[in-house]
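Asker: Hey, dropping input_20.cif in here, mmCIF, N, CA and C atoms:
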```cif
data_target
loop_
_atom_site.label_atom_id
_atom_site.label_comp_id
_atom_site.auth_asym_id
_atom_site.auth_seq_id
_atom_site.Cartn_x
_atom_site.Cartn_y
_atom_site.Cartn_z
N MET S 899 12.21 -7.10 -6.73
CA MET S 899 11.74 -8.38 -7.22
C MET S 899 10.62 -8.95 -6.35
N GLU S 900 10.69 -8.68 -5.04
CA GLU S 900 9.64 -9.20 -4.16
C GLU S 900 8.28 -8.63 -4.54
N TYR S 901 8.29 -7.38 -5.03
CA TYR S 901 7.02 -6.74 -5.38
C TYR S 901 6.35 -7.45 -6.55
N LYS S 902 7.14 -7.88 -7.52
CA LYS S 902 6.57 -8.56 -8.69
C LYS S 902 5.95 -9.90 -8.30
N THR S 903 6.66 -10.68 -7.50
CA THR S 903 6.09 -11.96 -7.08
C THR S 903 4.89 -11.74 -6.17
N PHE S 904 4.94 -10.68 -5.38
CA PHE S 904 3.83 -10.32 -4.52
C PHE S 904 2.58 -10.02 -5.34
N LEU S 905 2.73 -9.24 -6.41
CA LEU S 905 1.60 -8.93 -7.28
C LEU S 905 1.11 -10.17 -8.03
N LYS S 906 2.04 -11.02 -8.46
CA LYS S 906 1.63 -12.25 -9.15
C LYS S 906 0.83 -13.16 -8.21
N ASN S 907 1.24 -13.23 -6.95
CA ASN S 907 0.54 -14.09 -5.99
C ASN S 907 -0.87 -13.58 -5.68
N ASN S 908 -1.10 -12.28 -5.81
CA ASN S 908 -2.39 -11.69 -5.49
C ASN S 908 -3.17 -11.27 -6.73
N LEU S 909 -2.74 -11.71 -7.89
CA LEU S 909 -3.38 -11.31 -9.14
C LEU S 909 -4.85 -11.74 -9.18
N GLY S 910 -5.16 -12.91 -8.67
CA GLY S 910 -6.54 -13.39 -8.66
C GLY S 910 -7.45 -12.48 -7.84
N HIS S 911 -6.98 -12.05 -6.69
CA HIS S 911 -7.78 -11.15 -5.85
C HIS S 911 -7.97 -9.79 -6.53
N ILE S 912 -6.90 -9.30 -7.13
CA ILE S 912 -6.98 -8.00 -7.80
C ILE S 912 -7.95 -8.07 -8.98
N LEU S 913 -7.87 -9.13 -9.76
CA LEU S 913 -8.80 -9.28 -10.88
C LEU S 913 -10.24 -9.48 -10.40
N GLY S 914 -10.40 -10.20 -9.30
CA GLY S 914 -11.74 -10.41 -8.74
C GLY S 914 -12.39 -9.10 -8.33
N VAL S 915 -11.63 -8.24 -7.68
CA VAL S 915 -12.16 -6.93 -7.28
C VAL S 915 -12.45 -6.08 -8.51
N SER S 916 -11.61 -6.18 -9.52
CA SER S 916 -11.86 -5.44 -10.77
C SER S 916 -13.14 -5.91 -11.44
N LEU S 917 -13.35 -7.21 -11.48
CA LEU S 917 -14.58 -7.73 -12.07
C LEU S 917 -15.81 -7.34 -11.26
N LEU S 918 -15.68 -7.31 -9.95
CA LEU S 918 -16.79 -6.85 -9.12
C LEU S 918 -17.11 -5.38 -9.39
N GLY S 919 -16.09 -4.58 -9.65
CA GLY S 919 -16.31 -3.18 -9.99
C GLY S 919 -17.07 -3.04 -11.30
N ILE S 920 -16.71 -3.86 -12.27
CA ILE S 920 -17.41 -3.84 -13.55
C ILE S 920 -18.86 -4.30 -13.36
N LEU S 921 -19.05 -5.34 -12.56
CA LEU S 921 -20.40 -5.84 -12.29
C LEU S 921 -21.24 -4.78 -11.58
N THR S 922 -20.64 -4.04 -10.66
CA THR S 922 -21.34 -2.95 -9.99
C THR S 922 -21.80 -1.89 -10.98
N SER S 923 -20.92 -1.52 -11.89
CA SER S 923 -21.28 -0.52 -12.90
C SER S 923 -22.42 -1.00 -13.78
N LEU S 924 -22.34 -2.26 -14.21
CA LEU S 924 -23.41 -2.81 -15.04
C LEU S 924 -24.73 -2.87 -14.27
N ALA S 925 -24.69 -3.24 -13.01
CA ALA S 925 -25.91 -3.31 -12.21
C ALA S 925 -26.54 -1.94 -12.04
N MET S 926 -25.73 -0.92 -11.84
CA MET S 926 -26.27 0.44 -11.69
C MET S 926 -26.86 0.95 -13.00
N VAL S 927 -26.21 0.65 -14.10
CA VAL S 927 -26.75 1.05 -15.41
C VAL S 927 -28.08 0.35 -15.66
N TYR S 928 -28.15 -0.95 -15.37
CA TYR S 928 -29.40 -1.68 -15.55
C TYR S 928 -30.49 -1.14 -14.63
N ALA S 929 -30.12 -0.79 -13.40
CA ALA S 929 -31.10 -0.23 -12.47
C ALA S 929 -31.65 1.09 -13.00
N GLY S 930 -30.79 1.91 -13.58
CA GLY S 930 -31.26 3.15 -14.18
C GLY S 930 -32.16 2.90 -15.38
N TYR S 931 -31.77 1.94 -16.18
CA TYR S 931 -32.58 1.59 -17.35
C TYR S 931 -33.93 1.03 -16.94
N SER S 932 -33.97 0.31 -15.84
CA SER S 932 -35.21 -0.34 -15.42
C SER S 932 -36.28 0.64 -14.96
N LEU S 933 -35.92 1.89 -14.79
CA LEU S 933 -36.93 2.89 -14.44
C LEU S 933 -38.00 3.01 -15.53
N SER S 934 -37.67 2.55 -16.71
CA SER S 934 -38.67 2.58 -17.80
C SER S 934 -39.82 1.62 -17.51
N PHE S 935 -39.65 0.71 -16.56
CA PHE S 935 -40.74 -0.20 -16.19
C PHE S 935 -41.95 0.59 -15.65
N PHE S 936 -41.69 1.72 -15.01
CA PHE S 936 -42.80 2.54 -14.52
C PHE S 936 -43.61 3.11 -15.68
N TYR S 937 -42.93 3.55 -16.71
CA TYR S 937 -43.64 4.07 -17.88
C TYR S 937 -44.48 2.97 -18.53
N THR S 938 -43.90 1.79 -18.65
CA THR S 938 -44.62 0.66 -19.22
C THR S 938 -45.84 0.31 -18.36
N ALA S 939 -45.68 0.35 -17.06
CA ALA S 939 -46.80 0.06 -16.15
C ALA S 939 -47.88 1.14 -16.25
N TYR S 940 -47.46 2.38 -16.43
CA TYR S 940 -48.42 3.47 -16.54
C TYR S 940 -49.23 3.36 -17.84
N GLU S 941 -48.59 2.89 -18.88
CA GLU S 941 -49.25 2.75 -20.17
C GLU S 941 -50.04 1.45 -20.28
N TYR S 942 -50.01 0.63 -19.27
CA TYR S 942 -50.72 -0.66 -19.27
C TYR S 942 -52.22 -0.43 -19.42
N ALA S 943 -52.87 -1.21 -20.25
CA ALA S 943 -54.28 -1.01 -20.55
C ALA S 943 -55.19 -1.52 -19.44
N GLY S 944 -54.72 -2.44 -18.63
CA GLY S 944 -55.54 -3.05 -17.57
C GLY S 944 -55.48 -2.25 -16.28
N ASP S 945 -55.37 -2.95 -15.18
CA ASP S 945 -55.34 -2.36 -13.84
C ASP S 945 -53.99 -1.66 -13.63
N LYS S 946 -53.98 -0.33 -13.74
CA LYS S 946 -52.73 0.43 -13.63
C LYS S 946 -52.16 0.40 -12.21
N THR S 947 -53.02 0.38 -11.23
CA THR S 947 -52.54 0.37 -9.85
C THR S 947 -51.75 -0.90 -9.57
N LYS S 948 -52.27 -2.01 -10.01
CA LYS S 948 -51.59 -3.29 -9.82
C LYS S 948 -50.29 -3.33 -10.62
N ALA S 949 -50.34 -2.84 -11.84
CA ALA S 949 -49.14 -2.82 -12.69
C ALA S 949 -48.07 -1.92 -12.09
N LEU S 950 -48.45 -0.76 -11.57
CA LEU S 950 -47.49 0.14 -10.95
C LEU S 950 -46.91 -0.46 -9.66
N PHE S 951 -47.75 -1.16 -8.90
CA PHE S 951 -47.27 -1.82 -7.68
C PHE S 951 -46.23 -2.88 -8.02
N TYR S 952 -46.51 -3.70 -9.02
CA TYR S 952 -45.54 -4.73 -9.42
C TYR S 952 -44.27 -4.11 -10.00
N ALA S 953 -44.43 -3.03 -10.75
CA ALA S 953 -43.25 -2.33 -11.28
C ALA S 953 -42.40 -1.78 -10.13
N PHE S 954 -43.08 -1.26 -9.11
CA PHE S 954 -42.36 -0.75 -7.94
C PHE S 954 -41.59 -1.86 -7.25
N LEU S 955 -42.22 -3.02 -7.06
CA LEU S 955 -41.53 -4.14 -6.42
C LEU S 955 -40.33 -4.61 -7.23
N ILE S 956 -40.49 -4.66 -8.54
CA ILE S 956 -39.38 -5.06 -9.41
C ILE S 956 -38.24 -4.03 -9.31
N GLU S 957 -38.63 -2.74 -9.37
CA GLU S 957 -37.62 -1.67 -9.24
C GLU S 957 -36.88 -1.76 -7.92
N LEU S 958 -37.63 -1.95 -6.85
CA LEU S 958 -37.02 -2.04 -5.53
C LEU S 958 -36.04 -3.20 -5.47
N GLY S 959 -36.42 -4.34 -6.02
CA GLY S 959 -35.52 -5.50 -6.04
C GLY S 959 -34.26 -5.24 -6.84
N ILE S 960 -34.42 -4.61 -8.00
CA ILE S 960 -33.26 -4.32 -8.86
C ILE S 960 -32.32 -3.35 -8.16
N TRP S 961 -32.86 -2.29 -7.57
CA TRP S 961 -32.00 -1.31 -6.90
C TRP S 961 -31.34 -1.88 -5.66
N LEU S 962 -32.06 -2.70 -4.90
CA LEU S 962 -31.44 -3.33 -3.73
C LEU S 962 -30.32 -4.28 -4.14
N ALA S 963 -30.53 -5.00 -5.22
CA ALA S 963 -29.48 -5.90 -5.71
C ALA S 963 -28.26 -5.10 -6.18
N ALA S 964 -28.50 -4.00 -6.89
CA ALA S 964 -27.39 -3.17 -7.37
C ALA S 964 -26.62 -2.57 -6.20
N MET S 965 -27.33 -2.10 -5.18
CA MET S 965 -26.64 -1.54 -4.02
C MET S 965 -25.91 -2.62 -3.23
N GLY S 966 -26.49 -3.81 -3.18
CA GLY S 966 -25.81 -4.92 -2.50
C GLY S 966 -24.52 -5.30 -3.20
N ILE S 967 -24.56 -5.33 -4.53
CA ILE S 967 -23.34 -5.62 -5.29
C ILE S 967 -22.30 -4.53 -5.06
N GLY S 968 -22.75 -3.27 -5.04
CA GLY S 968 -21.83 -2.15 -4.79
C GLY S 968 -21.20 -2.23 -3.42
N TYR S 969 -22.00 -2.59 -2.43
CA TYR S 969 -21.48 -2.72 -1.06
C TYR S 969 -20.47 -3.86 -0.98
N THR S 970 -20.79 -4.98 -1.60
CA THR S 970 -19.87 -6.13 -1.61
C THR S 970 -18.56 -5.75 -2.28
N THR S 971 -18.66 -4.99 -3.36
CA THR S 971 -17.45 -4.54 -4.07
C THR S 971 -16.59 -3.66 -3.18
N SER S 972 -17.23 -2.72 -2.47
CA SER S 972 -16.44 -1.83 -1.60
C SER S 972 -15.79 -2.60 -0.45
N LEU S 973 -16.48 -3.61 0.08
CA LEU S 973 -15.86 -4.43 1.13
C LEU S 973 -14.68 -5.23 0.60
N ALA S 974 -14.85 -5.83 -0.57
CA ALA S 974 -13.76 -6.63 -1.16
C ALA S 974 -12.57 -5.73 -1.50
N LYS S 975 -12.86 -4.54 -1.99
CA LYS S 975 -11.78 -3.60 -2.33
C LYS S 975 -11.01 -3.19 -1.08
N ALA S 976 -11.72 -2.89 -0.01
CA ALA S 976 -11.06 -2.49 1.24
C ALA S 976 -10.22 -3.63 1.79
N LYS S 977 -10.73 -4.85 1.70
CA LYS S 977 -10.00 -6.01 2.24
C LYS S 977 -8.71 -6.26 1.45
N ILE S 978 -8.79 -6.20 0.12
CA ILE S 978 -7.59 -6.45 -0.68
C ILE S 978 -6.59 -5.30 -0.51
N GLN S 979 -7.08 -4.06 -0.36
CA GLN S 979 -6.18 -2.95 -0.12
C GLN S 979 -5.44 -3.13 1.20
N GLN S 980 -6.16 -3.54 2.23
CA GLN S 980 -5.54 -3.78 3.53
C GLN S 980 -4.49 -4.88 3.43
N LYS S 981 -4.82 -5.95 2.73
CA LYS S 981 -3.89 -7.07 2.59
C LYS S 981 -2.63 -6.64 1.83
N LEU S 982 -2.82 -5.91 0.73
CA LEU S 982 -1.67 -5.48 -0.08
C LEU S 982 -0.78 -4.51 0.69
N LYS S 983 -1.39 -3.54 1.38
CA LYS S 983 -0.58 -2.57 2.13
C LYS S 983 0.16 -3.24 3.28
N ASN S 984 -0.49 -4.18 3.96
CA ASN S 984 0.20 -4.88 5.05
C ASN S 984 1.38 -5.69 4.53
N LYS S 985 1.21 -6.31 3.37
CA LYS S 985 2.31 -7.08 2.78
C LYS S 985 3.44 -6.15 2.36
N LEU S 986 3.09 -4.99 1.80
CA LEU S 986 4.13 -4.01 1.44
C LEU S 986 4.87 -3.54 2.69
N ARG S 987 4.15 -3.30 3.77
CA ARG S 987 4.82 -2.90 5.01
C ARG S 987 5.72 -4.01 5.53
N SER S 988 5.31 -5.24 5.36
CA SER S 988 6.13 -6.38 5.77
C SER S 988 7.42 -6.43 4.96
N ILE S 989 7.30 -6.18 3.66
CA ILE S 989 8.50 -6.18 2.80
C ILE S 989 9.44 -5.06 3.22
N VAL S 990 8.88 -3.86 3.47
CA VAL S 990 9.71 -2.72 3.88
C VAL S 990 10.35 -3.01 5.24
N SER S 991 9.60 -3.61 6.14
CA SER S 991 10.15 -3.94 7.47
C SER S 991 11.30 -4.94 7.37
N SER S 992 11.15 -5.92 6.49
CA SER S 992 12.24 -6.89 6.33
C SER S 992 13.47 -6.23 5.73
N LYS S 993 13.26 -5.24 4.85
CA LYS S 993 14.41 -4.50 4.31
C LYS S 993 15.10 -3.71 5.41
N MET S 994 14.27 -3.10 6.30
CA MET S 994 14.85 -2.35 7.41
C MET S 994 15.59 -3.28 8.36
N ALA S 995 15.04 -4.46 8.60
CA ALA S 995 15.67 -5.42 9.51
C ALA S 995 16.98 -5.96 8.94
N SER S 996 17.13 -5.93 7.64
CA SER S 996 18.36 -6.45 7.03
C SER S 996 19.51 -5.44 7.09
N LEU S 997 19.22 -4.21 7.48
CA LEU S 997 20.29 -3.23 7.62
C LEU S 997 21.18 -3.58 8.81
N ASP S 998 22.47 -3.33 8.68
CA ASP S 998 23.32 -3.55 9.84
C ASP S 998 23.18 -2.37 10.81
N TYR S 999 23.73 -2.51 11.98
CA TYR S 999 23.53 -1.53 13.05
C TYR S 999 23.99 -0.13 12.63
N ILE S 1000 25.14 -0.03 12.02
CA ILE S 1000 25.70 1.27 11.62
C ILE S 1000 24.78 1.96 10.61
N GLN S 1001 24.28 1.20 9.64
CA GLN S 1001 23.37 1.78 8.66
C GLN S 1001 22.06 2.20 9.31
N PHE S 1002 21.59 1.39 10.25
CA PHE S 1002 20.30 1.67 10.88
C PHE S 1002 20.34 2.94 11.72
N VAL S 1003 21.35 3.08 12.57
CA VAL S 1003 21.43 4.27 13.44
C VAL S 1003 21.92 5.48 12.68
N GLY S 1004 22.42 5.30 11.47
CA GLY S 1004 22.90 6.41 10.66
C GLY S 1004 21.77 7.30 10.14
N ARG S 1005 20.55 6.80 10.21
CA ARG S 1005 19.41 7.57 9.73
C ARG S 1005 18.51 7.94 10.89
N ASP S 1006 17.79 9.01 10.70
CA ASP S 1006 16.82 9.46 11.69
C ASP S 1006 15.65 8.49 11.74
N SER S 1007 15.04 8.31 12.91
CA SER S 1007 13.91 7.38 13.03
C SER S 1007 12.71 7.83 12.20
N GLY S 1008 12.59 9.12 11.95
CA GLY S 1008 11.51 9.63 11.10
C GLY S 1008 11.60 9.11 9.67
N HIS S 1009 12.81 8.81 9.26
CA HIS S 1009 13.02 8.25 7.92
C HIS S 1009 12.35 6.88 7.81
N TYR S 1010 12.48 6.08 8.85
CA TYR S 1010 11.89 4.74 8.84
C TYR S 1010 10.36 4.80 8.95
N VAL S 1011 9.88 5.74 9.74
CA VAL S 1011 8.43 5.94 9.83
C VAL S 1011 7.88 6.34 8.47
N SER S 1012 8.61 7.20 7.78
CA SER S 1012 8.20 7.62 6.44
C SER S 1012 8.17 6.43 5.48
N TRP S 1013 9.12 5.54 5.61
CA TRP S 1013 9.12 4.33 4.77
C TRP S 1013 7.83 3.53 4.96
N LEU S 1014 7.43 3.39 6.22
CA LEU S 1014 6.26 2.54 6.53
C LEU S 1014 4.93 3.22 6.25
N THR S 1015 4.91 4.53 6.16
CA THR S 1015 3.64 5.22 5.92
C THR S 1015 3.57 5.80 4.51
N ASN S 1016 4.30 6.87 4.29
CA ASN S 1016 4.21 7.58 3.01
C ASN S 1016 4.70 6.74 1.84
N ASP S 1017 5.83 6.10 2.00
CA ASP S 1017 6.41 5.35 0.89
C ASP S 1017 5.54 4.14 0.51
N VAL S 1018 4.98 3.47 1.51
CA VAL S 1018 4.10 2.34 1.23
C VAL S 1018 2.86 2.82 0.47
N ASP S 1019 2.30 3.95 0.89
CA ASP S 1019 1.13 4.49 0.18
C ASP S 1019 1.48 4.88 -1.26
N GLN S 1020 2.68 5.44 -1.47
CA GLN S 1020 3.09 5.82 -2.81
C GLN S 1020 3.32 4.58 -3.68
N ILE S 1021 3.95 3.56 -3.13
CA ILE S 1021 4.16 2.32 -3.88
C ILE S 1021 2.83 1.68 -4.22
N TYR S 1022 1.91 1.69 -3.25
CA TYR S 1022 0.60 1.08 -3.48
C TYR S 1022 -0.15 1.79 -4.60
N SER S 1023 -0.16 3.12 -4.54
CA SER S 1023 -0.93 3.85 -5.57
C SER S 1023 -0.22 3.79 -6.91
#
```
Is it possible to give me this structure as structure tokens?
Answerer:
Amino acid sequence: MEYKTFLKNNLGHILGVSLLGILTSLAMVYAGYSLSFFYTAYEYAGDKTKALFYAFLIELGIWLAAMGIGYTTSLAKAKIQQKLKNKLRSIVSSKMASLDYIQFVGRDSGHYVSWLTNDVDQIYS
């Protein structure tokens, strides 16, 4: 039950990272599409050098913005993953702390390490 309330409490962060992922994809698609600006600049009837220079600046701005959004998304994703995994480890630790002495020493210490590492990663994924 703690897991469900935990996910409900962090739903806003999870949705925010999801929306950033969608925004990153859209920005990259638009950046790819914007390469057609070079063709338009090349076909320009006036000063082609000036048109190509402006197209280059526009392209550079679009690609830098797309990469910036992608970088921000990866940072936000890493931060929320860290927060979620730490909370899961906290929940598992509290479960371990609630065991009485006989139950606790009845298991090998490797079992508890596995709970905090492998099991948390499996629950997270």
Asker: Leaving out region 948-953 of chain S and any residue of its chain fewer than 4 positions from it, which residues lie within 6 Å of it when counting only C-alpha atoms, given as a list in words?
Answerer: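 Contacts, with the query itself left out: Phe935, Phe936 and Ala939 of chain S.
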Asker: Distance CA of Ala964 (chain S)-CA of Asp945 (chain S), one decimal place?
Answerer: 28.7 Å
Asker: Using only N, CA and C atoms, can you tell me which of S:Phe904, S:Leu973, S:Ile960, S:Trp1013 comes closest to Ser991 (chain S)?
Answerer: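 Going through S:Phe904, S:Leu973, S:Ile960, S:Trp1013 one by one, the smallest distance to Ser991 (chain S) is for S:Trp1013.
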Asker: Give me, as a Markdown table, the closest atom pair and its distance (Å, one decimal) for every residue of region 928-997 of chain S within a cut-off of 9 Å of region 909-916 of chain S, counting only C-alpha atoms, rows sorted by chain and rising number.
Answerer:
```
| residue | atom | partner | partner_atom | distance |
| --- | --- | --- | --- | --- |
| S:Thr971 | CA | S:Val915 | CA | 6.6 |
| S:Ser972 | CA | S:Val915 | CA | 8.8 |
| S:Ala974 | CA | S:Val915 | CA | 6.3 |
| S:Lys975 | CA | S:Val915 | CA | 6.0 |
| S:Ile978 | CA | S:His911 | CA | 7.0 |
```
Asker: Please compute the atom N of Tyr937 (chain S)-atom N of Thr922 (chain S) distance, one decimal, in Å.
Answerer: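 About the pair atom N of Tyr937 (chain S) and atom N of Thr922 (chain S): they are 24.3 Å apart.
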Asker: Quick check, in Å to one decimal: how far apart do CA of Leu986 (chain S) and CA of Leu1014 (chain S) lie?
Answerer: 8.6 Å
Asker: Would you mind telling me which residue in S:Lys906, S:Ile920, S:Ile956, S:Asp1017 lies nearest to Ile989 (chain S) when using only C-alpha atoms?
Answerer: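 Residue with the minimum atom-to-atom distance to Ile989 (chain S): S:Asp1017.
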Asker: Rank S:Val1018, S:Ala963, S:Ile1000, S:Leu958 by their smallest atom-to-atom distance to Asn984 (chain S), using only C-alpha atoms, and report the top residue only.
Answerer: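 Once distances to Asn984 (chain S) are computed over only C-alpha atoms, the minimum belongs to S:Val1018.
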Asker: Name the residues in contact with region 927-929 of chain S at a cut-off of 6 Å, using only C-alpha atoms, excluding same-chain residues fewer than 3 positions from it; report them as a PyMOL selection string.
Answerer: chain S and resi 924+932+960-961
